[in-house]
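Inspection log for the structure reproduced underneath, given as structure tokens.
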Amino acid sequence: MLAQLNTPAIIAHRGASAHAPENTLSAFKLAIEKQADAIELDAKLCASGEVVVVHDATLDRTTNGTGKVNETSLSDLKVLDAGSWFDDKFASERIPTLDEVFGIIGDQIPINVELTNYTSAGDDLAVKVAALVKRHKLTGSVFFSSFHPLTLSRARRAIPEVPCAFLTLDGFGGWLARNIIALFLSHQVIQPPYMNVTKRLITRAHRRGKRVNSYTINDAEIMRRLFSWGIDGIFTDDVPLARQVRAEVSA
Ligand code: G3P
Ligand code: MG
């Protein structure tokens with residue numbers, strides 16, 4: 001499925017998150033409307049075991065609730081307002097389950113599911129997400145990503161036909177992940193932050209048969225630079241801006 005994406009692909013980071021509250025159905029629908037090439041979302045387990053779509057480990061920033069997602073049941077999550085923090089007009093937005101997103105968005109657009117069990121890496125997230133991908137028959141339109149190599153390995157074992165992207169952090173940890181840990185991991189894509197991307201990094205990755213997607217780019221000048229170097233995809237909150245820059249660069 002990765003080969004079917006536009007190059008460079010414009011991936012709506014947490015949905016069209018510059019224009020709607022991140023990781024909500026509104027943000028995902030808007031990303032489709034604004035003609036993103038793919039959406040990215042953050043998946044983790046809540047206390048009752050369902051896979052929910054929310055970025056932070058805690059509820060405080062993006063809902064009117066408090067506390068940890070993995071200590072809150074789905075029924076308690078579902079009463080929270082996940083939109084007013086962004087704009088009052090989104091007050092009815094709820095934290096979606098991945099099951100709901102797959103049911104509603106389906107294969108209308110490729111979906112990058114980031115496996116974000118960073119505070120509970122031994123949990124069943126990868127296996128549960130793989131089961132949802134199979135049940136919704138979305139093997140051909142989903143790819144996984146994670147900063148955690150063991151979580152990616154578990155996802156790969158559970159559903160080998162879904163591509164995996166290795167997310168890396170900035171700094172020494174990122175260098176170690178890209179240059180050492182990546183040698184032991186089976187993945188099709190590396191996803192470093194834009195500060196770490198050079199033309200050489202892209203060329204070397206391509207030589208090894210890997211794609212490069214970079215995060216999170218909302219600045220036109222940085223987009224222009226990465227597009228001209230031949231990046232395969234960028235994560236952006238601002239899909240219209242990225243589309244405009246891509247059109248300029250390819251004109
Ligand atoms: O996948 C790109 C990006 O989403 C990784 O960072 O923290 O926004 O999930 P974060
Ligand atoms: Mg993410």
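Following the order of the structure tokens, chains are lettered A, B, ..., residues in each are numbered from 1, and ligands are numbered from 1.
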Collect all residues with atoms no farther than 6 Å from ligand 2, counting only C-alpha atoms and all ligand atoms, and output them as a ChimeraX atom specification. /A:41-42,114
Save the residues we just selected, N, CA, C and O atoms, as a PDB file, in the first residue's frame?
ATOM      1  N   LEU A  41      -2.915   8.578  13.325  1.00  0.00           N
ATOM      2  CA  LEU A  41      -3.628   8.665  14.602  1.00  0.00           C
ATOM      3  C   LEU A  41      -2.838   7.914  15.668  1.00  0.00           C
ATOM      4  O   LEU A  41      -1.964   7.105  15.362  1.00  0.00           O
ATOM      5  N   ASP A  42      -3.168   8.203  16.929  1.00  0.00           N
ATOM      6  CA  ASP A  42      -2.438   7.635  18.065  1.00  0.00           C
ATOM      7  C   ASP A  42      -3.336   6.652  18.811  1.00  0.00           C
ATOM      8  O   ASP A  42      -4.385   7.049  19.326  1.00  0.00           O
ATOM      9  N   GLU A 114      -0.313   4.835  14.855  1.00  0.00           N
ATOM     10  CA  GLU A 114       0.855   4.846  15.744  1.00  0.00           C
ATOM     11  C   GLU A 114       0.489   4.085  17.013  1.00  0.00           C
ATOM     12  O   GLU A 114      -0.512   4.383  17.674  1.00  0.00           O
TER      13      GLU A 114
END
Can you tell me which residues surround Ala177 in chain A at a distance of at most 9 Å, considering only C-alpha atoms, apart from same-chain residues fewer than 2 positions away, and format the answer as a ChimeraX atom specification? /A:147,149,166-169,172-175,179-183
Write as a PDB file with N, CA, C and O atoms, in the first residue's frame the residues around ligand 1, taking 7 Å as the cut-off and counting only C-alpha atoms and all ligand atoms.
ATOM      1  N   HIS A  13      -1.454  14.755  10.352  1.00  0.00           N
ATOM      2  CA  HIS A  13      -0.976  14.392  11.688  1.00  0.00           C
ATOM      3  C   HIS A  13      -2.097  14.535  12.714  1.00  0.00           C
ATOM      4  O   HIS A  13      -2.590  15.641  12.941  1.00  0.00           O
ATOM      5  N   ARG A  14      -2.519  13.416  13.283  1.00  0.00           N
ATOM      6  CA  ARG A  14      -3.654  13.370  14.225  1.00  0.00           C
ATOM      7  C   ARG A  14      -4.935  13.850  13.527  1.00  0.00           C
ATOM      8  O   ARG A  14      -5.827  14.419  14.165  1.00  0.00           O
ATOM      9  N   GLU A  40      -2.780  10.114  10.144  1.00  0.00           N
ATOM     10  CA  GLU A  40      -2.053   9.478  11.237  1.00  0.00           C
ATOM     11  C   GLU A  40      -2.899   9.621  12.483  1.00  0.00           C
ATOM     12  O   GLU A  40      -3.586  10.638  12.661  1.00  0.00           O
ATOM     13  N   ASP A  42      -3.168   8.203  16.929  1.00  0.00           N
ATOM     14  CA  ASP A  42      -2.438   7.635  18.065  1.00  0.00           C
ATOM     15  C   ASP A  42      -3.336   6.652  18.811  1.00  0.00           C
ATOM     16  O   ASP A  42      -4.385   7.049  19.326  1.00  0.00           O
ATOM     17  N   HIS A  55      -3.726  11.051  21.911  1.00  0.00           N
ATOM     18  CA  HIS A  55      -2.264  11.152  21.880  1.00  0.00           C
ATOM     19  C   HIS A  55      -1.600  10.996  23.244  1.00  0.00           C
ATOM     20  O   HIS A  55      -0.737  10.160  23.440  1.00  0.00           O
ATOM     21  N   GLU A 114      -0.313   4.835  14.855  1.00  0.00           N
ATOM     22  CA  GLU A 114       0.855   4.846  15.744  1.00  0.00           C
ATOM     23  C   GLU A 114       0.489   4.085  17.013  1.00  0.00           C
ATOM     24  O   GLU A 114      -0.512   4.383  17.674  1.00  0.00           O
ATOM     25  N   SER A 145       3.116   2.394  13.038  1.00  0.00           N
ATOM     26  CA  SER A 145       4.365   3.042  13.411  1.00  0.00           C
ATOM     27  C   SER A 145       4.480   3.015  14.927  1.00  0.00           C
ATOM     28  O   SER A 145       3.469   2.887  15.632  1.00  0.00           O
ATOM     29  N   LEU A 167       9.544   4.981  14.128  1.00  0.00           N
ATOM     30  CA  LEU A 167       9.646   6.390  14.508  1.00  0.00           C
ATOM     31  C   LEU A 167      10.898   6.586  15.345  1.00  0.00           C
ATOM     32  O   LEU A 167      11.200   5.763  16.216  1.00  0.00           O
ATOM     33  N   TYR A 215       8.378  13.982  10.573  1.00  0.00           N
ATOM     34  CA  TYR A 215       7.355  14.672  11.370  1.00  0.00           C
ATOM     35  C   TYR A 215       7.965  15.875  12.068  1.00  0.00           C
ATOM     36  O   TYR A 215       9.188  15.944  12.184  1.00  0.00           O
ATOM     37  N   THR A 216       7.175  16.760  12.596  1.00  0.00           N
ATOM     38  CA  THR A 216       5.838  17.211  12.185  1.00  0.00           C
ATOM     39  C   THR A 216       6.065  18.577  11.583  1.00  0.00           C
ATOM     40  O   THR A 216       6.592  19.460  12.264  1.00  0.00           O
ATOM     41  N   PHE A 235       4.456  14.378   7.854  1.00  0.00           N
ATOM     42  CA  PHE A 235       3.314  14.533   8.748  1.00  0.00           C
ATOM     43  C   PHE A 235       3.135  16.029   8.962  1.00  0.00           C
ATOM     44  O   PHE A 235       4.098  16.733   9.292  1.00  0.00           O
TER      45      PHE A 235
END
Within 12 Å of His206 in chain A, counting only C-alpha atoms, which residues show up once you throw out same-chain ones fewer than 4 positions away? Write them as an MDAnalysis selection string, please. chainID A and resid 188:190 199:202 210:213 229:232
Give me, as a PyMOL selection string, all polymer residues having an atom no more than 12 Å from Arg243 in chain A, counting only C-alpha atoms and skipping those fewer than 4 positions away in the same chain. chain A and resi 6-12+31+34-37+218+220+223-224+227+233-239+247-250
Name the residues of range 43-157 of chain A that come out as alpha helix (DSSP H) in a backbone DSSP run; write them as an MDAnalysis selection string. chainID A and resid 74:77 98:105 125:135 149:157
